[in-house]
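For reference, coords27.txt (compact mmCIF, C-alpha atoms):
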```
# COMPACT_ATOMS: atom_id res chain seq x y z
CA MET I 249 71.38 96.05 104.21
CA HIS I 250 73.66 98.12 106.44
CA GLU I 251 71.78 101.41 105.91
CA MET I 252 70.33 101.09 109.43
CA GLY I 253 73.86 101.24 110.84
CA ILE I 254 74.73 104.17 108.57
CA ALA I 255 71.54 105.99 109.66
CA ASN I 256 72.51 105.39 113.27
CA SER I 257 75.99 106.82 112.63
CA ILE I 258 74.39 109.93 111.11
CA LEU I 259 72.32 110.40 114.28
CA GLU I 260 75.44 109.96 116.43
CA GLY I 261 77.14 112.67 114.36
CA VAL I 262 74.15 115.00 114.75
CA ALA I 263 74.02 114.36 118.50
CA ALA I 264 77.75 115.13 118.81
CA GLU I 265 77.31 118.38 116.85
CA LEU I 266 74.38 119.40 119.06
CA ARG I 267 76.45 118.80 122.19
CA ARG I 268 78.78 121.50 120.87
CA ARG I 269 75.78 123.81 120.40
CA PRO I 270 73.75 123.76 123.60
CA GLY I 271 70.29 125.27 123.31
CA SER I 272 69.88 124.13 119.70
CA ARG I 273 67.89 121.40 118.08
CA ALA I 274 68.41 119.97 114.60
CA THR I 275 65.76 120.26 111.92
CA LYS I 276 67.66 118.98 108.88
CA VAL I 277 70.94 117.19 108.23
CA GLY I 278 72.73 117.13 104.89
CA VAL I 279 74.86 114.19 103.76
CA ARG I 280 76.77 113.39 100.57
CA ILE I 281 76.55 109.78 99.34
CA GLY I 282 78.72 108.62 96.47
CA GLU I 283 77.59 106.13 93.85
CA LEU I 284 80.45 103.82 94.89
CA SER I 285 79.93 104.15 98.64
CA GLY I 286 77.88 100.98 98.85
CA VAL I 287 74.95 102.86 100.36
CA ASP I 288 71.54 103.02 98.73
CA PRO I 289 69.99 106.49 99.22
CA ASP I 290 66.39 105.25 99.28
CA ALA I 291 67.14 102.51 101.79
CA LEU I 292 69.07 105.05 103.87
CA SER I 293 66.16 107.51 103.89
CA PHE I 294 63.78 104.72 104.87
CA ALA I 295 66.08 103.53 107.66
CA PHE I 296 66.60 107.08 108.89
CA GLU I 297 62.88 107.72 109.16
CA ALA I 298 62.35 104.40 110.92
CA ILE I 299 64.98 104.93 113.61
CA THR I 300 64.06 108.55 114.34
CA LEU I 301 60.34 107.82 114.75
CA ASP I 302 59.16 108.48 118.32
CA THR I 303 62.57 109.71 119.41
CA GLN I 304 63.92 113.18 120.16
CA PHE I 305 64.98 113.25 116.47
CA ALA I 306 61.47 112.62 115.11
CA GLY I 307 60.87 114.95 112.17
CA LEU I 308 64.57 115.53 111.53
CA VAL I 309 64.88 115.74 107.76
CA LEU I 310 67.65 113.87 105.95
CA ASP I 311 68.86 115.63 102.80
CA VAL I 312 70.88 113.25 100.62
CA GLU I 313 73.10 114.64 97.89
CA TYR I 314 73.92 111.70 95.62
CA VAL I 315 77.15 112.13 93.65
CA ALA I 316 78.21 110.22 90.57
CA TYR I 317 81.41 108.28 89.96
CA ARG I 318 83.83 110.84 88.51
CA ARG I 319 87.33 110.43 87.08
CA ARG I 320 90.14 112.69 85.95
CA CYS I 321 91.96 111.62 82.80
CA ARG I 322 95.69 111.09 83.30
CA ASN I 323 96.34 111.98 79.69
CA CYS I 324 94.43 115.22 79.10
CA GLY I 325 93.26 116.18 82.61
CA ASN I 326 89.59 116.16 81.63
CA GLU I 327 87.20 115.38 84.50
CA TYR I 328 84.11 113.42 83.60
CA ASP I 329 81.20 111.66 85.28
CA ILE I 330 80.87 107.98 84.51
CA HIS I 331 77.54 107.01 82.99
CA ASN I 332 76.69 103.36 82.56
CA TYR I 333 80.35 102.43 83.26
CA GLU I 334 81.59 104.00 80.06
CA ILE I 335 84.99 104.71 81.55
CA LEU I 336 87.03 105.99 78.59
CA CYS I 337 87.75 109.70 78.65
CA PRO I 338 85.14 111.31 76.37
CA ALA I 339 87.67 113.97 75.34
CA CYS I 340 90.66 111.85 74.30
CA GLY I 341 89.57 108.21 74.60
CA ASN I 342 92.24 107.39 77.18
CA LEU I 343 91.58 104.63 79.72
CA ASN I 344 93.87 105.69 82.55
CA ALA I 345 92.27 108.03 85.02
CA ASP I 346 91.98 108.62 88.75
CA ARG I 347 88.78 108.60 90.75
CA THR I 348 87.97 112.08 92.01
CA ARG I 349 84.44 111.47 93.32
CA GLY I 350 82.03 108.69 94.04
CA ASP I 351 82.91 107.03 97.34
CA GLU I 352 81.75 109.83 99.63
CA LEU I 353 79.91 109.01 102.82
CA GLU I 354 80.11 112.33 104.62
CA PHE I 355 78.26 115.14 106.34
CA THR I 356 77.70 118.45 104.56
CA TYR I 357 75.54 120.65 106.79
CA LEU I 358 73.19 120.81 109.73
CA GLU I 359 70.17 123.06 110.07
CA ILE I 360 69.50 124.02 113.66
CA GLU I 361 67.07 126.23 115.56
CA ASP I 362 66.95 127.51 119.12
CA ILE I 363 64.95 125.47 121.59
CA ASN I 364 64.25 128.66 123.56
CA PRO I 365 60.42 128.75 123.87
CA GLU I 366 60.34 132.43 122.87
CA ASP I 367 61.72 131.54 119.47
CA SER I 368 59.43 128.61 118.79
CA GLN I 369 55.81 128.71 117.60
CA PRO I 370 53.70 131.09 119.73
CA PRO I 371 51.24 129.13 121.91
CA GLU I 372 47.51 129.23 121.23
CA GLU I 373 45.81 132.04 123.04
CA ASP I 374 44.01 129.78 125.50
CA ALA I 375 46.94 127.40 125.93
CA ALA I 376 48.65 127.27 129.26
CA PRO I 377 51.79 129.41 129.34
CA VAL I 378 54.97 127.43 128.89
CA PRO I 379 57.02 127.47 132.09
CA HIS I 380 60.26 129.19 131.32
CA ASN I 381 62.49 126.48 132.74
CA GLU I 382 60.82 123.52 131.07
CA GLU I 383 62.17 122.14 127.86
CA VAL I 384 59.65 122.16 125.05
CA LYS I 385 58.83 118.64 123.86
CA ARG I 386 58.55 118.18 120.16
CA MET Y 295 66.68 128.49 111.56
CA ASN Y 296 70.36 128.47 110.89
CA ARG Y 297 72.42 126.32 108.53
CA VAL Y 298 75.88 125.42 109.77
CA PRO Y 299 78.51 123.52 107.79
CA MET Y 300 79.22 120.04 109.08
CA GLU Y 301 82.30 118.13 108.07
CA GLY Y 302 83.60 114.66 108.57
CA LYS Y 303 82.83 111.14 107.55
CA ILE Y 304 79.56 109.56 108.57
CA LEU Y 305 81.50 106.47 109.65
CA ASN Y 306 83.88 108.68 111.57
CA GLU Y 307 84.38 106.25 114.43
CA ASN Y 308 85.14 103.37 112.08
CA ALA Y 309 87.52 105.57 110.07
CA ARG Y 310 89.37 106.59 113.23
CA ILE Y 311 89.86 102.99 114.40
CA ALA Y 312 90.81 101.84 110.89
CA ALA Y 313 93.46 104.57 110.64
CA ASP Y 314 94.83 103.50 113.99
CA LEU Y 315 94.93 99.85 112.87
CA ARG Y 316 96.63 100.79 109.60
CA GLU Y 317 99.30 102.62 111.53
CA ARG Y 318 99.88 99.61 113.77
CA PHE Y 319 100.03 97.22 110.81
CA SER Y 320 102.54 99.51 109.07
CA ALA Y 321 104.68 99.85 112.19
CA GLN Y 322 104.86 96.05 112.50
CA ARG Y 323 105.21 95.54 108.73
CA VAL Y 324 102.15 93.27 108.50
CA LEU Y 325 100.46 93.10 105.10
CA VAL Y 326 96.69 92.94 105.69
CA VAL Y 327 94.38 91.69 102.96
CA ASN Y 328 90.58 91.86 103.17
CA LEU Y 329 88.82 89.09 101.19
CA ILE Y 330 85.29 89.95 100.08
CA SER Y 331 82.73 88.02 98.02
CA SER Y 332 79.16 86.82 98.05
CA PRO Y 333 78.47 83.74 100.23
CA GLY Y 334 79.72 80.54 98.67
CA SER Y 335 82.26 82.01 96.25
CA GLY Y 336 85.07 80.08 97.85
CA LYS Y 337 86.81 82.42 100.29
CA THR Y 338 87.34 79.74 102.93
CA THR Y 339 88.47 77.14 100.42
CA LEU Y 340 90.96 79.63 98.94
CA LEU Y 341 92.24 80.26 102.46
CA GLU Y 342 92.58 76.53 103.14
CA LYS Y 343 94.66 76.12 100.00
CA THR Y 344 96.65 79.26 100.81
CA LEU Y 345 97.58 78.02 104.28
CA GLU Y 346 98.35 74.57 102.87
CA THR Y 347 100.61 76.03 100.17
CA LEU Y 348 102.55 78.51 102.31
CA PRO Y 349 106.03 77.34 103.37
CA SER Y 350 105.89 75.91 106.87
CA GLY Y 351 106.79 78.45 109.50
CA SER Y 352 105.20 81.30 107.54
CA ARG Y 353 104.18 84.15 109.81
CA VAL Y 354 100.54 84.34 108.80
CA ALA Y 355 97.28 84.71 110.72
CA VAL Y 356 93.61 84.67 109.69
CA LEU Y 357 90.48 86.39 110.95
CA THR Y 358 87.31 84.92 109.51
CA GLY Y 359 83.91 86.59 109.77
CA ASP Y 360 80.45 85.05 109.72
CA LEU Y 361 77.07 85.81 111.20
CA GLN Y 362 77.12 82.59 113.21
CA THR Y 363 79.15 79.38 113.87
CA GLU Y 364 82.83 78.65 114.38
CA ASN Y 365 82.84 76.35 111.33
CA ASP Y 366 85.26 78.36 109.21
CA ALA Y 367 87.76 78.85 112.01
CA ASN Y 368 87.64 75.13 112.72
CA ARG Y 369 88.35 74.40 109.05
CA LEU Y 370 91.30 76.78 109.03
CA LYS Y 371 92.86 75.94 112.39
CA ARG Y 372 94.00 72.56 111.06
CA TYR Y 373 96.95 74.22 109.34
CA GLY Y 374 98.51 75.31 112.62
CA TYR Y 375 98.44 79.08 112.09
CA PRO Y 376 96.67 81.54 114.41
CA VAL Y 377 93.01 81.72 113.35
CA LYS Y 378 90.15 83.53 115.01
CA GLN Y 379 86.47 83.47 114.17
CA ILE Y 380 84.54 86.72 114.35
CA THR Y 381 80.83 86.00 114.72
CA THR Y 382 78.92 89.18 114.07
CA GLY Y 383 75.59 87.89 115.39
CA GLY Y 384 73.68 89.20 112.39
CA THR Y 385 75.70 92.18 111.24
CA CYS Y 386 76.34 91.85 107.51
CA HIS Y 387 79.96 93.06 107.48
CA LEU Y 388 83.07 93.32 109.63
CA ASP Y 389 83.98 96.72 111.03
CA ALA Y 390 87.26 98.11 112.32
CA ARG Y 391 86.30 97.73 115.97
CA MET Y 392 85.78 93.98 115.51
CA ILE Y 393 89.28 93.69 114.04
CA GLU Y 394 90.78 95.75 116.85
CA LYS Y 395 89.09 93.56 119.45
CA HIS Y 396 90.09 90.25 117.89
CA ILE Y 397 93.76 91.06 117.34
CA ALA Y 398 94.14 92.50 120.85
CA ASP Y 399 96.03 89.49 122.21
CA TRP Y 400 98.05 88.79 119.05
CA ASP Y 401 101.66 89.91 118.80
CA LEU Y 402 101.67 91.72 115.45
CA ALA Y 403 105.47 91.82 115.47
CA GLY Y 404 105.35 88.05 114.93
CA LEU Y 405 103.33 88.35 111.70
CA ASP Y 406 104.10 89.09 108.06
CA LEU Y 407 100.61 88.57 106.70
CA LEU Y 408 97.09 88.85 108.11
CA ILE Y 409 94.25 87.71 105.92
CA ILE Y 410 90.74 88.83 106.87
CA GLU Y 411 87.85 86.83 105.44
CA ASN Y 412 84.90 89.21 105.49
CA VAL Y 413 81.26 88.19 105.89
CA GLY Y 414 79.87 86.83 102.61
CA ASN Y 415 78.30 89.96 101.10
CA LEU Y 416 79.17 92.07 98.07
CA VAL Y 417 77.56 95.26 99.37
CA CYS Y 418 78.07 96.23 102.99
CA PRO Y 419 81.74 95.27 103.53
CA SER Y 420 82.69 97.78 100.84
CA SER Y 421 81.72 100.69 103.14
CA TYR Y 422 83.87 99.64 106.11
CA ASP Y 423 87.60 100.26 106.13
CA LEU Y 424 89.34 97.62 108.27
CA GLY Y 425 92.78 99.19 108.07
CA GLU Y 426 93.79 96.73 105.36
CA ALA Y 427 96.40 97.40 102.69
CA ALA Y 428 94.30 95.81 99.97
CA LYS Y 429 90.80 94.56 99.33
CA VAL Y 430 90.48 91.45 97.18
CA VAL Y 431 87.16 90.44 95.63
CA LEU Y 432 86.26 86.87 94.66
CA LEU Y 433 83.70 85.96 92.01
CA SER Y 434 82.84 82.35 91.24
CA VAL Y 435 81.85 81.12 87.81
CA THR Y 436 78.53 79.90 89.21
CA GLU Y 437 77.52 83.54 89.70
CA GLY Y 438 76.62 86.00 86.95
CA GLU Y 439 79.29 87.68 84.84
CA ASP Y 440 77.46 91.00 85.32
CA LYS Y 441 78.10 91.03 89.09
CA PRO Y 442 80.78 93.77 88.76
CA LEU Y 443 78.21 96.08 87.15
CA LYS Y 444 75.55 95.21 89.73
CA TYR Y 445 77.91 95.75 92.68
CA PRO Y 446 80.31 98.42 91.42
CA SER Y 447 81.31 99.63 94.85
CA ILE Y 448 83.32 96.60 95.89
CA PHE Y 449 84.76 95.98 92.42
CA SER Y 450 85.92 99.58 92.21
CA LYS Y 451 87.72 99.36 95.57
CA SER Y 452 89.40 95.97 95.14
CA GLU Y 453 92.91 95.68 93.74
CA LEU Y 454 92.52 92.07 92.68
CA LEU Y 455 89.68 90.01 91.26
CA ILE Y 456 89.98 86.28 91.89
CA LEU Y 457 87.77 84.32 89.54
CA THR Y 458 87.10 81.06 91.41
CA LYS Y 459 85.86 77.55 90.48
CA ILE Y 460 87.11 77.90 86.91
CA ASP Y 461 87.21 74.08 86.64
CA LEU Y 462 83.39 74.34 86.41
CA LEU Y 463 83.52 76.51 83.28
CA PRO Y 464 82.69 73.60 80.92
CA TYR Y 465 79.48 72.99 82.84
CA VAL Y 466 78.10 76.49 83.42
CA PRO Y 467 77.04 79.26 81.02
CA PHE Y 468 79.59 81.73 82.36
CA ASP Y 469 81.57 84.00 80.05
CA ALA Y 470 84.85 84.58 81.92
CA ALA Y 471 86.09 87.17 79.41
CA ALA Y 472 82.86 89.15 79.81
CA ALA Y 473 83.13 88.99 83.62
CA ILE Y 474 86.68 90.35 83.51
CA ALA Y 475 85.69 93.01 80.98
CA ASN Y 476 82.85 94.10 83.27
CA ALA Y 477 85.21 94.29 86.25
CA CYS Y 478 87.58 96.42 84.19
CA ARG Y 479 84.76 98.74 83.16
CA VAL Y 480 84.18 99.49 86.82
CA HIS Y 481 87.88 99.43 87.71
CA PRO Y 482 90.27 99.60 84.75
CA GLU Y 483 93.36 98.94 86.89
CA MET Y 484 91.92 95.69 88.29
CA GLU Y 485 94.34 92.76 88.43
CA VAL Y 486 92.89 89.31 87.78
CA VAL Y 487 93.80 85.79 88.91
CA LYS Y 488 91.81 82.69 87.95
CA VAL Y 489 91.77 79.76 90.33
CA ALA Y 490 90.27 76.31 90.73
CA CYS Y 491 91.14 75.62 94.35
CA LEU Y 492 90.10 71.98 94.50
CA ALA Y 493 92.11 71.18 91.36
CA GLY Y 494 94.97 73.44 92.49
CA ASP Y 495 94.90 75.61 89.36
CA GLY Y 496 95.98 79.23 89.65
CA LEU Y 497 97.19 78.97 93.23
CA ARG Y 498 100.73 79.81 92.23
CA GLU Y 499 99.53 83.05 90.58
CA TRP Y 500 97.60 83.97 93.73
CA MET Y 501 100.60 83.24 95.96
CA ASN Y 502 102.80 85.31 93.62
CA TRP Y 503 100.34 88.17 93.83
CA LEU Y 504 100.48 88.03 97.64
CA GLU Y 505 104.28 88.00 97.60
CA ASN Y 506 104.48 90.91 95.12
CA ARG Y 507 101.90 92.86 97.11
CA LYS Y 508 103.94 92.29 100.25
CA GLN Y 509 107.06 93.63 98.52
CA ARG Y 510 105.16 96.68 97.29
CA PHE Y 511 103.76 97.24 100.80
CA LEU Y 512 107.25 97.15 102.29
CA ALA Y 513 108.63 99.41 99.54
CA GLU Y 514 105.89 101.98 100.26
CA LEU Y 515 106.74 101.87 103.96
CA ALA Y 516 110.34 102.68 103.10
CA LEU Y 517 109.32 105.87 101.25
CA PRO Y 518 109.82 109.08 103.16
CA VAL Y 519 106.62 110.37 104.76
CA GLY Y 520 104.93 113.13 102.75
```

Could the structure of this file be written out as structure tokens, please?
Amino acid sequence: MHEMGIANSILEGVAAELRRRPGSRATKVGVRIGELSGVDPDALSFAFEAITLDTQFAGLVLDVEYVAYRRRCRNCGNEYDIHNYEILCPACGNLNADRTRGDELEFTYLEIEDINPEDSQPPEEDAAPVPHNEEVKR
Amino acid sequence: MNRVPMEGKILNENARIAADLRERFSAQRVLVVNLISSPGSGKTTLLEKTLETLPSGSRVAVLTGDLQTENDANRLKRYGYPVKQITTGGTCHLDARMIEKHIADWDLAGLDLLIIENVGNLVCPSSYDLGEAAKVVLLSVTEGEDKPLKYPSIFSKSELLILTKIDLLPYVPFDAAAAIANACRVHPEMEVVKVACLAGDGLREWMNWLENRKQRFLAELALPVG
């Protein structure tokens, strides 16, 4: 179970990206996890939710794109996903092929929004006005 | 709301340190092998026999990882080679920073071979590059022959499968041919060596593999860059 460490590394990556974009906060982060990466997507989602709870990242959505083990046949060039470890090329029956996908453990995108109060939800009519210089807590 | 592309590896920091280590190992011509298996498959015993079998004066060093205790390092120090224990304190794998820290006071120029014994675990070590030239996975005959299908990540990334404890085959319901076939389904190019360390069987094949891998490593270093 190293998904907690992976989740933490995702947060570090998000924090680094936000430092390059002052005035923004993250709402969603996209990652690509390969079947051979050694990371379980469900355990990762669980760990991510657990470590963001009650932090500045609470509510940050993790979007996992899970990609299959994929090979390219050295004989005919056909690219095919591996299902149930049936590794022979379905086109020509050849065994020799190179892995083209499946060990990814990478970022894909980040969804951000301004933390400027004017762009966030309008306050209730009887709510106290938000001081302009105070950061809005989530 | 605005979607911006984000690139890079999630384990970016580990990848950066591992790349740096790999460069240092290449510059000093040190073959680094990362041994991975479940707990109790015989990594330490294989290492004991390896150190015992190597010609005296071999330029080899060992890093051995565990959650706790110096037991493995104490077992391996008896052979007179540099050995360091990495206790992770609960972490289920070694990462590149641990390797960097533990080799800091070793002179890599004085080494030909560094063997890293990872924490006993078939899952997590597969995600962490340690800057090694090759991963080697061990599977003992007291485990299930379907392990390669259950843990495809590590079997797909390892160059060599060492089937251990084969002297127990008469006593356990383990189908060695099926285990190897399963490993090859996950990784068709997988090389295989069978050993019984306590009986001494297969050690010569393992030592030959190490020697051949070292020659291939050196040959690849000699190739022009790019």

### Expected residue set, 12 Å radius at (73.6, 119.6, 119.6), only C-alpha atoms, as a ChimeraX atom specification
/I:259-275,277,304-305,358-363 /Y:298,300

#### Entry: At most 12 Å to chain I: residues in chain Y, only C-alpha atoms, as a ChimeraX atom specification
/Y:295-309,384-389,415-423,440,442-452,475-484

### Query
What is the atom CA of Leu405 of chain Y to atom CA of Val327 of chain Y distance in Å?
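The value is 12.9 Å.
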
### Query
Which residue, I:Leu310, I:Cys324, I:Ala298, I:Ala316, has the smallest gap to Thr348 of chain I when you use all atoms listed in the file?
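Answer, going by the shortest atom-to-atom distance: I:Ala316.
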
### Task
Please check which residues have atoms at most 7 Å from (98.6, 96.1, 98.4) in the file's coordinates, counting all atoms listed in the file, and write them as a PyMOL selection string.
chain Y and resi 427-428+507-508+510-511

With the input short on atoms, add N, CA and C atoms back to segment 478-492 of chain Y and write it as a PDB file, in the coordinates of the input.
```pdb
ATOM      1  N   CYS Y 478      86.673  95.356  84.649  1.00  0.00           N
ATOM      2  CA  CYS Y 478      87.580  96.420  84.190  1.00  0.00           C
ATOM      3  C   CYS Y 478      86.825  97.675  83.769  1.00  0.00           C
ATOM      4  N   ARG Y 479      85.548  97.531  83.430  1.00  0.00           N
ATOM      5  CA  ARG Y 479      84.760  98.740  83.160  1.00  0.00           C
ATOM      6  C   ARG Y 479      84.562  99.538  84.435  1.00  0.00           C
ATOM      7  N   VAL Y 480      84.367  98.820  85.539  1.00  0.00           N
ATOM      8  CA  VAL Y 480      84.180  99.490  86.820  1.00  0.00           C
ATOM      9  C   VAL Y 480      85.526  99.975  87.370  1.00  0.00           C
ATOM     10  N   HIS Y 481      86.571  99.161  87.121  1.00  0.00           N
ATOM     11  CA  HIS Y 481      87.880  99.430  87.710  1.00  0.00           C
ATOM     12  C   HIS Y 481      88.972  99.018  86.714  1.00  0.00           C
ATOM     13  N   PRO Y 482      89.350  99.944  85.843  1.00  0.00           N
ATOM     14  CA  PRO Y 482      90.270  99.600  84.750  1.00  0.00           C
ATOM     15  C   PRO Y 482      91.610  99.045  85.212  1.00  0.00           C
ATOM     16  N   GLU Y 483      92.044  99.394  86.425  1.00  0.00           N
ATOM     17  CA  GLU Y 483      93.360  98.940  86.890  1.00  0.00           C
ATOM     18  C   GLU Y 483      93.282  97.582  87.590  1.00  0.00           C
ATOM     19  N   MET Y 484      92.120  96.954  87.574  1.00  0.00           N
ATOM     20  CA  MET Y 484      91.920  95.690  88.290  1.00  0.00           C
ATOM     21  C   MET Y 484      92.884  94.609  87.807  1.00  0.00           C
ATOM     22  N   GLU Y 485      93.548  93.933  88.759  1.00  0.00           N
ATOM     23  CA  GLU Y 485      94.340  92.760  88.430  1.00  0.00           C
ATOM     24  C   GLU Y 485      93.437  91.534  88.546  1.00  0.00           C
ATOM     25  N   VAL Y 486      93.771  90.483  87.815  1.00  0.00           N
ATOM     26  CA  VAL Y 486      92.890  89.310  87.780  1.00  0.00           C
ATOM     27  C   VAL Y 486      93.717  88.030  87.944  1.00  0.00           C
ATOM     28  N   VAL Y 487      93.227  87.134  88.777  1.00  0.00           N
ATOM     29  CA  VAL Y 487      93.800  85.790  88.910  1.00  0.00           C
ATOM     30  C   VAL Y 487      92.645  84.812  88.806  1.00  0.00           C
ATOM     31  N   LYS Y 488      92.857  83.711  88.055  1.00  0.00           N
ATOM     32  CA  LYS Y 488      91.810  82.690  87.950  1.00  0.00           C
ATOM     33  C   LYS Y 488      92.261  81.453  88.721  1.00  0.00           C
ATOM     34  N   VAL Y 489      91.383  80.936  89.553  1.00  0.00           N
ATOM     35  CA  VAL Y 489      91.770  79.760  90.330  1.00  0.00           C
ATOM     36  C   VAL Y 489      90.685  78.676  90.272  1.00  0.00           C
ATOM     37  N   ALA Y 490      91.150  77.438  90.448  1.00  0.00           N
ATOM     38  CA  ALA Y 490      90.270  76.310  90.730  1.00  0.00           C
ATOM     39  C   ALA Y 490      90.897  75.644  91.939  1.00  0.00           C
ATOM     40  N   CYS Y 491      90.426  76.013  93.123  1.00  0.00           N
ATOM     41  CA  CYS Y 491      91.140  75.620  94.350  1.00  0.00           C
ATOM     42  C   CYS Y 491      91.206  74.117  94.520  1.00  0.00           C
ATOM     43  N   LEU Y 492      90.103  73.420  94.246  1.00  0.00           N
ATOM     44  CA  LEU Y 492      90.100  71.980  94.500  1.00  0.00           C
ATOM     45  C   LEU Y 492      91.054  71.258  93.548  1.00  0.00           C
TER      46      LEU Y 492
END
```
